[in-house]
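Okay, so here's the structure we're looking at.
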Amino acid sequence: MSRTKLVLTGNYASAYAVLHSKVEIVPAYPITPQTTIVEKIDEFIETGMLDATMVRVESEHSAMAVAIGASAVGVRTYTATSSHGLLYMYENLWWAANARLPIVATFVTRTLGPPWNIWSDHQDFMTLRDSGWILFMVKDAQEAYDLTIQAFKIAENPDVRLPVGIAYDAFVISHTAEPVELLTQEEADKFLPSPRAIQPLLDVDKPYSIGNLPRADYHYILRKNLWENILDAKKAIREVGREYGELSGRDYSSLVEEYKCEDADTVFISMGAMAGEGMDAVDKLRDKGYKVGHLTIRTYRPFPDHEIKTIAENAKRLIVFSRALSNGKGGILYDDIASTLYREGQRIETYDIIAGLAGTEVSEEDFMKIYYDTRSGKLDTGKSIFIRRGEYV
Amino acid sequence: MYRPKIVENLGEDEWIYAGHPACHGCGAALGLRHLLKTIGKKSILVVPAGCTSIIAGTMNAATFNIPFIHTAFGAAAAVASGVAEALSKKGMDDINVVVWAGDGGTYDIGLASLSGAAERGHNILFVLDDNEAYMNTGIQRSGGTPRGAWTTTTITGKKEEKKDIMKIVLSHHVPYAATASVAYPLDFNRKVKKALGIKGFKFIHLMAPCPPGWRFETHMTIEIARRAVLSGAWILMEYENGRLRLNPPSSNMLDKRRISLEEYLMMQGRFKHVKRELLEELKRDVELRWSEIKEILEKQGKQ
Ligand SMILES: Cc1ncc(C[n+]2csc(CCOP(=O)(O)OP(=O)(O)O)c2C)c(N)n1
Ligand code: SF4
Ligand SMILES: [Mg+2]
């Protein structure tokens, strides 16, 4: 059988990845803009294409709880949510990570209310930053498909055993259709391990108690283990990404995507859909003779410290676009980058740009304007700079 | 050799080790012991936050000898739903999935997940371990605390009536729902067995007195649990496919052959402050429940 190329939204691309990964249990609760993922999976199940059980739960808290129960028995488990749904799930998201359950989830990023707002920013996603989930943010439907399949292989790796989240922007990616090349089912079957290789926590032949009270000293070590394992997961992410590249021709062996960074003196850093605009801006600026590049953070946790360090060795100016804000502090992605630089002893010019909050568009003109204004010294490196549709606010 | 009836019925195997950290006289610990004897080792126990999170022991001194999973406070029925569906996917439908949740984890924070699981009809037995307050956090009132009871958040006695959880569960058209008491382990054992033989969502509401929370001496647990039943404050019954049947001794108490409510309440410090007027009200609450039961039975009789 040869591969097919379909025109798919990000959400449908995720659903196809779930189909090809032969997921076994899908607990889910609807929220815009996640709904079409679950509807499509439901269609796959009801038309007999996917032999999975859909558990149509009464809340997101229960969606993740069902996922926890199912994954603890050792079946391949997937769910998806957004925004208020993610926050409603929150306690169990941490539970899944600390229980070391290889659940895979899609997080379609959406602004938190009030006021109600269905458009994208990354504030919901960023609440998972410290949770122990391996977190990807993708910039198009193809990546959503590719990384969702890889996610199962990473999560279920016995040396990793952590939940994996794939995030992308509401509508711009979730509901925008683009050509997506799919693996054949045979290729996906060969690429992924059997879900029966997932070690169950609940096994009547080996009766363990899962989650009993610890001694604090021992619990500290459990926490340390998770930290080590999520850092080590970089290896698994790179290996799985390379293997997937050999299979599909689309390589994911790097945690980041560099665009014209080799000789760049200024590098934009962003993640998600706006990376596309960032790269367009790079092309325009390059046309004008400026040495500019763009770095897309695709693997957000574990954080690509090494890749940032390498970029900072060659560039003299980093402009970080954050689509989520730590209120009372600054751009969240900026803080991540700044702390990496500080640890590495790299003192270069960095800018904290807050863009795209509440679903406002970020355009290539925004990137270009910021670039010019940093060059002319108009912007302050010590401050969070808010730009909305080409205007400082 | 003489074997007491309880040993005859529940067997000698223990699935809960001695030396666990429950308080002396803990009704829940007793209920767990009897529950586990009945469900046996081909079972998975799912437990939300509450006293049983502690009773389960520590990570290197586990209390239970069957697979056991702790869950977030409001999540037990949902986690169990996932366990049951996953077992089914693996072709292991013969394993019992049993939730053991406190009144807080059932009446209050766990109500939505209970309702969801019951409505979806997963193959689960949900046992409500009712000690009528949040004991693990230090005796705060719950939706299952009875009117008049002292707790640390109702120091002059709870003003509201105990929520009727049975009615809530029955409204989900579950195939089996019953009450039980730690004072009647054979009745509990029979009900658990019966529930496990039925596919779908089953519910058993077990009354399990708590010495520190109810303020009584640790050797009185069974006596108090028994008096709850004999006074008519706690009614042993079961609903099979929505059809009600009373169980002994409650089945003999329709015509008010009961001990007085005082004989149950006044053994407990939590009701010490109850004066005549409130006592009369509490008695009326009990009578109301019995007249409801009577009405249901009469209606059924006519069908
Ligand atoms: C989300 C959340 N809120 C609050 C708590 C604190 N908490 C733990 S156990 C408990 C009370 C449990 O009461 P109940 O369910 O009646 O069980 P019992 O302790 O009486 O056995 C509370 C409030 C928690 N663990 N999780
Ligand atoms: S507080 Fe009550 S329910 Fe909790 S362990 Fe002690 S006796 Fe048992
Ligand atoms: Mg309680």
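Residue numbers start at 1 in each chain; chains themselves are named A, B, ... in the order of the structure tokens; ligands are numbered from 1 in the order shown.
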
* **Backbone-only DSSP, strand (DSSP E or B) members of range 53-227 of chain B, as an MDAnalysis selection string** => chainID B and resid 57:58 61:62 64 68:70 96:102 124:130 134 140 151 154 176:181 201:207

8 Å contact set for Pro175 in chain B, only C-alpha atoms, chain neighbours under 6 positions out, as a CSV table (one decimal) with C-alpha atoms, in the first residue's frame:
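Saved the output as result.csv:
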chain,number,residue,atom,x,y,z
B,198,ILE,CA,-24.3,-8.6,38.0
B,200,GLY,CA,-22.8,-3.0,35.2
B,201,PHE,CA,-22.6,-0.4,37.8
B,202,LYS,CA,-23.4,-1.6,41.3
B,239,TYR,CA,-32.7,-2.6,45.1
B,240,GLU,CA,-32.5,-5.1,42.3
B,241,ASN,CA,-33.4,-3.5,38.9
B,242,GLY,CA,-35.1,-0.8,40.9

Sorted by chain and rising residue number, which residues of chain B lie within 7 Å of ligand 2, and what are their closest atom pairs and distances in Å to one decimal, counting only C-alpha atoms and all ligand atoms, as JSON lines?
{"residue": "B:Ala22", "atom": "CA", "partner": "ligand 2", "partner_atom_place_in_ligand_line": "5 (S)", "distance": 4.1}
{"residue": "B:Cys23", "atom": "CA", "partner": "ligand 2", "partner_atom_place_in_ligand_line": "6 (Fe)", "distance": 4.1}
{"residue": "B:His24", "atom": "CA", "partner": "ligand 2", "partner_atom_place_in_ligand_line": "7 (S)", "distance": 6.5}
{"residue": "B:Gly25", "atom": "CA", "partner": "ligand 2", "partner_atom_place_in_ligand_line": "7 (S)", "distance": 6.1}
{"residue": "B:Cys26", "atom": "CA", "partner": "ligand 2", "partner_atom_place_in_ligand_line": "7 (S)", "distance": 3.7}
{"residue": "B:Gly27", "atom": "CA", "partner": "ligand 2", "partner_atom_place_in_ligand_line": "8 (Fe)", "distance": 5.9}
{"residue": "B:Ala28", "atom": "CA", "partner": "ligand 2", "partner_atom_place_in_ligand_line": "8 (Fe)", "distance": 5.4}
{"residue": "B:Ala29", "atom": "CA", "partner": "ligand 2", "partner_atom_place_in_ligand_line": "8 (Fe)", "distance": 6.4}
{"residue": "B:Cys51", "atom": "CA", "partner": "ligand 2", "partner_atom_place_in_ligand_line": "4 (Fe)", "distance": 4.6}
{"residue": "B:Ile55", "atom": "CA", "partner": "ligand 2", "partner_atom_place_in_ligand_line": "5 (S)", "distance": 6.6}
{"residue": "B:Asn131", "atom": "CA", "partner": "ligand 2", "partner_atom_place_in_ligand_line": "3 (S)", "distance": 6.3}
{"residue": "B:Met135", "atom": "CA", "partner": "ligand 2", "partner_atom_place_in_ligand_line": "1 (S)", "distance": 5.0}
{"residue": "B:Asn136", "atom": "CA", "partner": "ligand 2", "partner_atom_place_in_ligand_line": "4 (Fe)", "distance": 5.8}
{"residue": "B:Cys210", "atom": "CA", "partner": "ligand 2", "partner_atom_place_in_ligand_line": "2 (Fe)", "distance": 3.9}
{"residue": "B:Pro211", "atom": "CA", "partner": "ligand 2", "partner_atom_place_in_ligand_line": "7 (S)", "distance": 5.3}
{"residue": "B:Pro212", "atom": "CA", "partner": "ligand 2", "partner_atom_place_in_ligand_line": "1 (S)", "distance": 5.8}
{"residue": "B:Gly213", "atom": "CA", "partner": "ligand 2", "partner_atom_place_in_ligand_line": "2 (Fe)", "distance": 5.8}

Restrict the selected residues to N, CA, C and O atoms and save them as a PDB file, in the first residue's frame.
ATOM      1  N   ALA B  22      -5.048   1.985  60.804  1.00  0.00           N
ATOM      2  CA  ALA B  22      -6.370   2.513  61.165  1.00  0.00           C
ATOM      3  C   ALA B  22      -6.464   2.659  62.682  1.00  0.00           C
ATOM      4  O   ALA B  22      -5.768   1.980  63.427  1.00  0.00           O
ATOM      5  N   CYS B  23      -7.356   3.554  63.143  1.00  0.00           N
ATOM      6  CA  CYS B  23      -7.569   3.705  64.583  1.00  0.00           C
ATOM      7  C   CYS B  23      -8.149   2.403  65.153  1.00  0.00           C
ATOM      8  O   CYS B  23      -8.759   1.625  64.435  1.00  0.00           O
ATOM      9  N   HIS B  24      -7.987   2.229  66.434  1.00  0.00           N
ATOM     10  CA  HIS B  24      -8.665   1.113  67.105  1.00  0.00           C
ATOM     11  C   HIS B  24     -10.167   1.255  66.901  1.00  0.00           C
ATOM     12  O   HIS B  24     -10.695   2.357  66.981  1.00  0.00           O
ATOM     13  N   GLY B  25     -10.797   0.164  66.639  1.00  0.00           N
ATOM     14  CA  GLY B  25     -12.259   0.197  66.543  1.00  0.00           C
ATOM     15  C   GLY B  25     -12.771   0.818  65.259  1.00  0.00           C
ATOM     16  O   GLY B  25     -13.951   1.152  65.151  1.00  0.00           O
ATOM     17  N   CYS B  26     -11.909   0.950  64.262  1.00  0.00           N
ATOM     18  CA  CYS B  26     -12.302   1.602  63.010  1.00  0.00           C
ATOM     19  C   CYS B  26     -13.303   0.748  62.231  1.00  0.00           C
ATOM     20  O   CYS B  26     -13.004  -0.390  61.857  1.00  0.00           O
ATOM     21  N   GLY B  27     -14.460   1.303  61.973  1.00  0.00           N
ATOM     22  CA  GLY B  27     -15.474   0.576  61.210  1.00  0.00           C
ATOM     23  C   GLY B  27     -15.034   0.332  59.775  1.00  0.00           C
ATOM     24  O   GLY B  27     -15.311  -0.720  59.192  1.00  0.00           O
ATOM     25  N   ALA B  28     -14.319   1.284  59.218  1.00  0.00           N
ATOM     26  CA  ALA B  28     -13.871   1.158  57.824  1.00  0.00           C
ATOM     27  C   ALA B  28     -12.915  -0.020  57.666  1.00  0.00           C
ATOM     28  O   ALA B  28     -13.004  -0.788  56.702  1.00  0.00           O
ATOM     29  N   ALA B  29     -11.990  -0.149  58.611  1.00  0.00           N
ATOM     30  CA  ALA B  29     -11.005  -1.235  58.518  1.00  0.00           C
ATOM     31  C   ALA B  29     -11.717  -2.586  58.533  1.00  0.00           C
ATOM     32  O   ALA B  29     -11.359  -3.506  57.788  1.00  0.00           O
ATOM     33  N   CYS B  51      -9.599   8.402  54.809  1.00  0.00           N
ATOM     34  CA  CYS B  51      -8.898   7.601  55.815  1.00  0.00           C
ATOM     35  C   CYS B  51      -8.218   6.386  55.207  1.00  0.00           C
ATOM     36  O   CYS B  51      -7.164   5.960  55.675  1.00  0.00           O
ATOM     37  N   ILE B  55      -4.977   4.054  55.833  1.00  0.00           N
ATOM     38  CA  ILE B  55      -5.114   2.642  56.210  1.00  0.00           C
ATOM     39  C   ILE B  55      -4.306   1.766  55.241  1.00  0.00           C
ATOM     40  O   ILE B  55      -3.790   0.720  55.612  1.00  0.00           O
ATOM     41  N   ASN B 131     -18.786   7.116  57.051  1.00  0.00           N
ATOM     42  CA  ASN B 131     -18.590   7.424  58.470  1.00  0.00           C
ATOM     43  C   ASN B 131     -19.114   8.833  58.774  1.00  0.00           C
ATOM     44  O   ASN B 131     -18.831   9.418  59.804  1.00  0.00           O
ATOM     45  N   MET B 135     -13.314  12.420  57.844  1.00  0.00           N
ATOM     46  CA  MET B 135     -12.534  12.043  59.023  1.00  0.00           C
ATOM     47  C   MET B 135     -11.049  12.290  58.822  1.00  0.00           C
ATOM     48  O   MET B 135     -10.358  12.765  59.712  1.00  0.00           O
ATOM     49  N   ASN B 136     -10.568  11.985  57.633  1.00  0.00           N
ATOM     50  CA  ASN B 136      -9.138  12.083  57.378  1.00  0.00           C
ATOM     51  C   ASN B 136      -8.593  13.483  57.627  1.00  0.00           C
ATOM     52  O   ASN B 136      -7.460  13.661  58.063  1.00  0.00           O
ATOM     53  N   CYS B 210     -17.136   5.446  63.270  1.00  0.00           N
ATOM     54  CA  CYS B 210     -15.763   5.918  63.451  1.00  0.00           C
ATOM     55  C   CYS B 210     -15.632   6.435  64.882  1.00  0.00           C
ATOM     56  O   CYS B 210     -16.194   7.471  65.217  1.00  0.00           O
ATOM     57  N   PRO B 211     -14.895   5.723  65.746  1.00  0.00           N
ATOM     58  CA  PRO B 211     -14.848   6.131  67.164  1.00  0.00           C
ATOM     59  C   PRO B 211     -14.394   7.579  67.389  1.00  0.00           C
ATOM     60  O   PRO B 211     -15.097   8.330  68.075  1.00  0.00           O
ATOM     61  N   PRO B 212     -13.259   8.002  66.822  1.00  0.00           N
ATOM     62  CA  PRO B 212     -12.879   9.396  67.114  1.00  0.00           C
ATOM     63  C   PRO B 212     -13.832  10.425  66.514  1.00  0.00           C
ATOM     64  O   PRO B 212     -14.048  11.484  67.096  1.00  0.00           O
ATOM     65  N   GLY B 213     -14.411  10.109  65.380  1.00  0.00           N
ATOM     66  CA  GLY B 213     -15.271  11.081  64.702  1.00  0.00           C
ATOM     67  C   GLY B 213     -16.664  11.154  65.312  1.00  0.00           C
ATOM     68  O   GLY B 213     -17.296  12.220  65.298  1.00  0.00           O
TER      69      GLY B 213
END

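Using only C-alpha atoms, the nearest neighbour of Glu258 in chain A within the list A:Glu307, A:Glu58, A:Asp189, A:Asp121 is A:Glu307.
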
* Asked: Any idea which chain A residues end up within 6 Å of chain B if we count only C-alpha atoms, as a list in words please?
  -> Glu58, Ser62, Ala65, Val66, Gly69, Ala70, Leu202, Val204, Pro207, Tyr208, Ser209, Ile210, Gly211, Asn212, Leu213 and Pro214 of chain A

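Using only C-alpha atoms, the smallest distance between any of B:Ile168, B:Leu288, B:Ile224, B:Ala178 and Leu206 in chain B comes from B:Ala178.
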
* To do: Find the residues near ligand 1. Use a cut-off of 8 Å, count only C-alpha atoms and all ligand atoms, and write them as a PyMOL selection string.
  => (chain A and resi 91) or (chain B and resi 28+48-53+72-74+101-106+109+129-137+139-140+142)

* Pick out each residue of range 45-213 of chain B that DSSP on the backbone tags as helix (DSSP H, G or I); I need them as a count of residues only. => 55

* Residues within 12 Å of Val38 in chain A, only C-alpha atoms, excluding chain neighbours under 2 positions, as a ChimeraX atom specification -> /A:11-16,18-19,25-36,40-45,54-56,78-81,105-106

* To do: Might you pull out every residue within 7 Å of range 332-344 of chain A, with only C-alpha atoms counted and same-chain residues fewer than 2 positions away left off, and present them as a ChimeraX atom specification?
  => /A:305,309,320,322,324-326,330,346-347,352

Mind checking which residues fall within 10 Å of Ala155 in chain A, counting only C-alpha atoms, ignoring those fewer than 5 positions away in the same chain, and posting them as a short mmCIF file (atom, residue, chain, number, x, y, z; two decimals) with all heavy atoms, in the first residue's frame?
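Written output follows (result-v8.cif):
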data_model
loop_
_atom_site.label_atom_id
_atom_site.label_comp_id
_atom_site.auth_asym_id
_atom_site.auth_seq_id
_atom_site.Cartn_x
_atom_site.Cartn_y
_atom_site.Cartn_z
N ARG A 100 3.76 8.18 36.51
CA ARG A 100 4.58 7.68 35.42
C ARG A 100 3.76 6.87 34.41
O ARG A 100 4.10 5.76 34.03
CB ARG A 100 5.75 6.83 35.96
CG ARG A 100 6.56 7.52 37.05
CD ARG A 100 7.18 8.82 36.58
NE ARG A 100 8.06 8.64 35.46
CZ ARG A 100 9.39 8.48 35.56
NH1 ARG A 100 9.98 8.56 36.73
NH2 ARG A 100 10.13 8.32 34.49
N LEU A 101 2.65 7.49 33.98
CA LEU A 101 1.75 6.80 33.06
C LEU A 101 1.94 7.33 31.64
O LEU A 101 1.89 8.55 31.41
CB LEU A 101 0.30 6.99 33.52
CG LEU A 101 0.01 6.32 34.87
CD1 LEU A 101 -1.34 6.75 35.42
CD2 LEU A 101 0.06 4.81 34.74
N PRO A 102 2.14 6.44 30.67
CA PRO A 102 2.46 6.87 29.31
C PRO A 102 1.24 7.30 28.49
O PRO A 102 0.99 6.81 27.40
CB PRO A 102 3.12 5.63 28.71
CG PRO A 102 2.51 4.48 29.43
CD PRO A 102 2.19 4.97 30.82
N ILE A 103 0.48 8.23 29.03
CA ILE A 103 -0.70 8.75 28.34
C ILE A 103 -0.24 9.78 27.30
O ILE A 103 0.71 10.52 27.54
CB ILE A 103 -1.63 9.42 29.38
CG1 ILE A 103 -2.14 8.38 30.38
CG2 ILE A 103 -2.79 10.17 28.72
CD1 ILE A 103 -2.71 8.98 31.66
N VAL A 104 -0.93 9.82 26.18
CA VAL A 104 -0.64 10.88 25.20
C VAL A 104 -1.87 11.77 25.07
O VAL A 104 -3.01 11.27 25.06
CB VAL A 104 -0.25 10.28 23.82
CG1 VAL A 104 -0.16 11.37 22.76
CG2 VAL A 104 1.09 9.55 23.95
N TRP A 133 5.09 16.41 32.42
CA TRP A 133 4.70 16.00 31.07
C TRP A 133 5.81 16.38 30.10
O TRP A 133 6.39 17.47 30.20
CB TRP A 133 3.39 16.70 30.63
CG TRP A 133 2.15 16.06 31.16
CD1 TRP A 133 1.76 16.02 32.46
CD2 TRP A 133 1.14 15.37 30.39
NE1 TRP A 133 0.56 15.33 32.56
CE2 TRP A 133 0.17 14.92 31.30
CE3 TRP A 133 0.98 15.08 29.04
CZ2 TRP A 133 -0.95 14.20 30.89
CZ3 TRP A 133 -0.14 14.37 28.63
CH2 TRP A 133 -1.09 13.93 29.56
N ILE A 134 6.08 15.50 29.15
CA ILE A 134 6.92 15.87 28.01
C ILE A 134 6.03 16.70 27.10
O ILE A 134 4.91 16.28 26.78
CB ILE A 134 7.45 14.61 27.32
CG1 ILE A 134 8.48 13.94 28.22
CG2 ILE A 134 8.05 14.96 25.95
CD1 ILE A 134 8.99 12.61 27.72
N GLN A 150 4.86 9.69 17.15
CA GLN A 150 6.13 9.54 17.89
C GLN A 150 5.91 9.58 19.40
O GLN A 150 6.61 8.93 20.17
CB GLN A 150 7.10 10.65 17.49
CG GLN A 150 7.57 10.56 16.05
CD GLN A 150 8.38 11.79 15.66
OE1 GLN A 150 9.40 12.10 16.26
NE2 GLN A 150 7.91 12.50 14.64
N VAL A 160 11.59 6.10 29.83
CA VAL A 160 10.93 7.41 29.90
C VAL A 160 9.68 7.30 30.79
O VAL A 160 9.58 7.94 31.82
CB VAL A 160 10.56 7.92 28.49
CG1 VAL A 160 9.82 9.25 28.59
CG2 VAL A 160 11.82 8.09 27.64
N ARG A 161 8.70 6.50 30.39
CA ARG A 161 7.47 6.29 31.16
C ARG A 161 6.90 7.61 31.69
O ARG A 161 6.71 7.81 32.88
CB ARG A 161 7.73 5.34 32.34
CG ARG A 161 7.68 3.88 31.99
CD ARG A 161 6.33 3.31 31.68
NE ARG A 161 5.36 3.38 32.74
CZ ARG A 161 4.36 2.50 32.88
NH1 ARG A 161 4.22 1.50 32.03
NH2 ARG A 161 3.48 2.65 33.83
N LEU A 162 6.64 8.52 30.77
CA LEU A 162 6.03 9.79 31.16
C LEU A 162 4.93 10.13 30.16
O LEU A 162 5.01 9.72 28.99
CB LEU A 162 7.07 10.91 31.16
CG LEU A 162 8.04 10.93 32.33
CD1 LEU A 162 9.16 11.93 32.07
CD2 LEU A 162 7.31 11.28 33.64
N PRO A 163 3.91 10.87 30.59
CA PRO A 163 2.90 11.30 29.63
C PRO A 163 3.48 12.34 28.68
O PRO A 163 4.40 13.07 29.04
CB PRO A 163 1.82 11.91 30.52
CG PRO A 163 2.50 12.28 31.79
CD PRO A 163 3.65 11.34 31.96
N VAL A 164 2.93 12.36 27.47
CA VAL A 164 3.42 13.29 26.45
C VAL A 164 2.26 14.12 25.92
O VAL A 164 1.20 13.59 25.58
CB VAL A 164 4.09 12.54 25.28
CG1 VAL A 164 4.53 13.53 24.21
CG2 VAL A 164 5.27 11.71 25.76
N GLY A 165 2.45 15.42 25.87
CA GLY A 165 1.44 16.33 25.34
C GLY A 165 1.91 16.97 24.04
O GLY A 165 3.07 17.37 23.93
N ILE A 198 3.55 -2.30 27.34
CA ILE A 198 3.44 -1.33 28.44
C ILE A 198 3.27 -2.11 29.74
O ILE A 198 2.35 -2.92 29.87
CB ILE A 198 2.20 -0.42 28.27
CG1 ILE A 198 2.24 0.30 26.91
CG2 ILE A 198 2.10 0.59 29.41
CD1 ILE A 198 0.94 1.04 26.59
N ALA A 233 15.06 11.92 28.58
CA ALA A 233 14.10 11.68 27.50
C ALA A 233 14.52 12.41 26.22
O ALA A 233 14.08 12.06 25.13
CB ALA A 233 12.70 12.10 27.91
N ALA A 236 15.70 9.87 23.91
CA ALA A 236 14.62 9.10 23.27
C ALA A 236 13.91 9.94 22.22
O ALA A 236 13.59 9.46 21.13
CB ALA A 236 13.64 8.62 24.33
N ILE A 237 13.70 11.21 22.52
CA ILE A 237 13.01 12.10 21.57
C ILE A 237 13.82 12.20 20.28
O ILE A 237 13.30 12.09 19.18
CB ILE A 237 12.79 13.50 22.20
CG1 ILE A 237 11.83 13.41 23.39
CG2 ILE A 237 12.27 14.49 21.15
CD1 ILE A 237 11.80 14.66 24.26
#

* With distances taken over only C-alpha atoms, which of A:Met126, A:Ala188, A:Ile154, A:Met64 is nearest to Trp94 in chain A? ->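 Between A:Met126, A:Ala188, A:Ile154, A:Met64, the residue approaching Trp94 in chain A most closely is A:Met64.
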
* To do: Could you tell me how far CA of Glu187 in chain A lies from CA of Leu247 in chain A, in Å and to one decimal?
  =>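 Computing the Euclidean distance for CA of Glu187 in chain A and CA of Leu247 in chain A yields 7.8 Å.
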
* Using only C-alpha atoms, determine which residues lie at most 9 Å from Leu244 in chain B, disregarding the query and same-chain residues fewer than 4 positions distant; provide the list as a ChimeraX atom specification. => /B:237-240,293,296-297,300

Preceding selection exported with N, CA and C atoms as an mmCIF file, in the first residue's frame:
data_model
loop_
_atom_site.group_PDB
_atom_site.id
_atom_site.type_symbol
_atom_site.label_atom_id
_atom_site.label_comp_id
_atom_site.auth_asym_id
_atom_site.auth_seq_id
_atom_site.Cartn_x
_atom_site.Cartn_y
_atom_site.Cartn_z
ATOM 1 N N MET B 237 -31.351 -2.707 53.173
ATOM 2 C CA MET B 237 -32.255 -2.940 52.041
ATOM 3 C C MET B 237 -31.443 -3.134 50.776
ATOM 4 N N GLU B 238 -32.103 -3.587 49.755
ATOM 5 C CA GLU B 238 -31.435 -3.701 48.450
ATOM 6 C C GLU B 238 -32.439 -3.460 47.333
ATOM 7 N N TYR B 239 -31.941 -2.880 46.281
ATOM 8 C CA TYR B 239 -32.733 -2.632 45.078
ATOM 9 C C TYR B 239 -32.140 -3.463 43.941
ATOM 10 N N GLU B 240 -32.929 -4.395 43.435
ATOM 11 C CA GLU B 240 -32.484 -5.142 42.256
ATOM 12 C C GLU B 240 -33.319 -4.671 41.088
ATOM 13 N N ILE B 293 -40.389 4.279 52.534
ATOM 14 C CA ILE B 293 -40.116 2.856 52.232
ATOM 15 C C ILE B 293 -41.435 2.095 52.116
ATOM 16 N N ILE B 296 -43.179 2.787 48.926
ATOM 17 C CA ILE B 296 -42.571 2.087 47.781
ATOM 18 C C ILE B 296 -42.992 0.623 47.787
ATOM 19 N N LEU B 297 -42.926 -0.007 48.976
ATOM 20 C CA LEU B 297 -43.261 -1.436 49.063
ATOM 21 C C LEU B 297 -44.722 -1.676 48.689
ATOM 22 N N GLN B 300 -45.117 -1.399 45.001
ATOM 23 C CA GLN B 300 -44.568 -2.601 44.352
ATOM 24 C C GLN B 300 -45.519 -3.779 44.505
#

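Nearest-residue note for Leu230 in chain B: choosing from B:Arg257, B:His34, B:Lys283, B:Lys167, the minimum distance belongs to B:Arg257, counting only C-alpha atoms.
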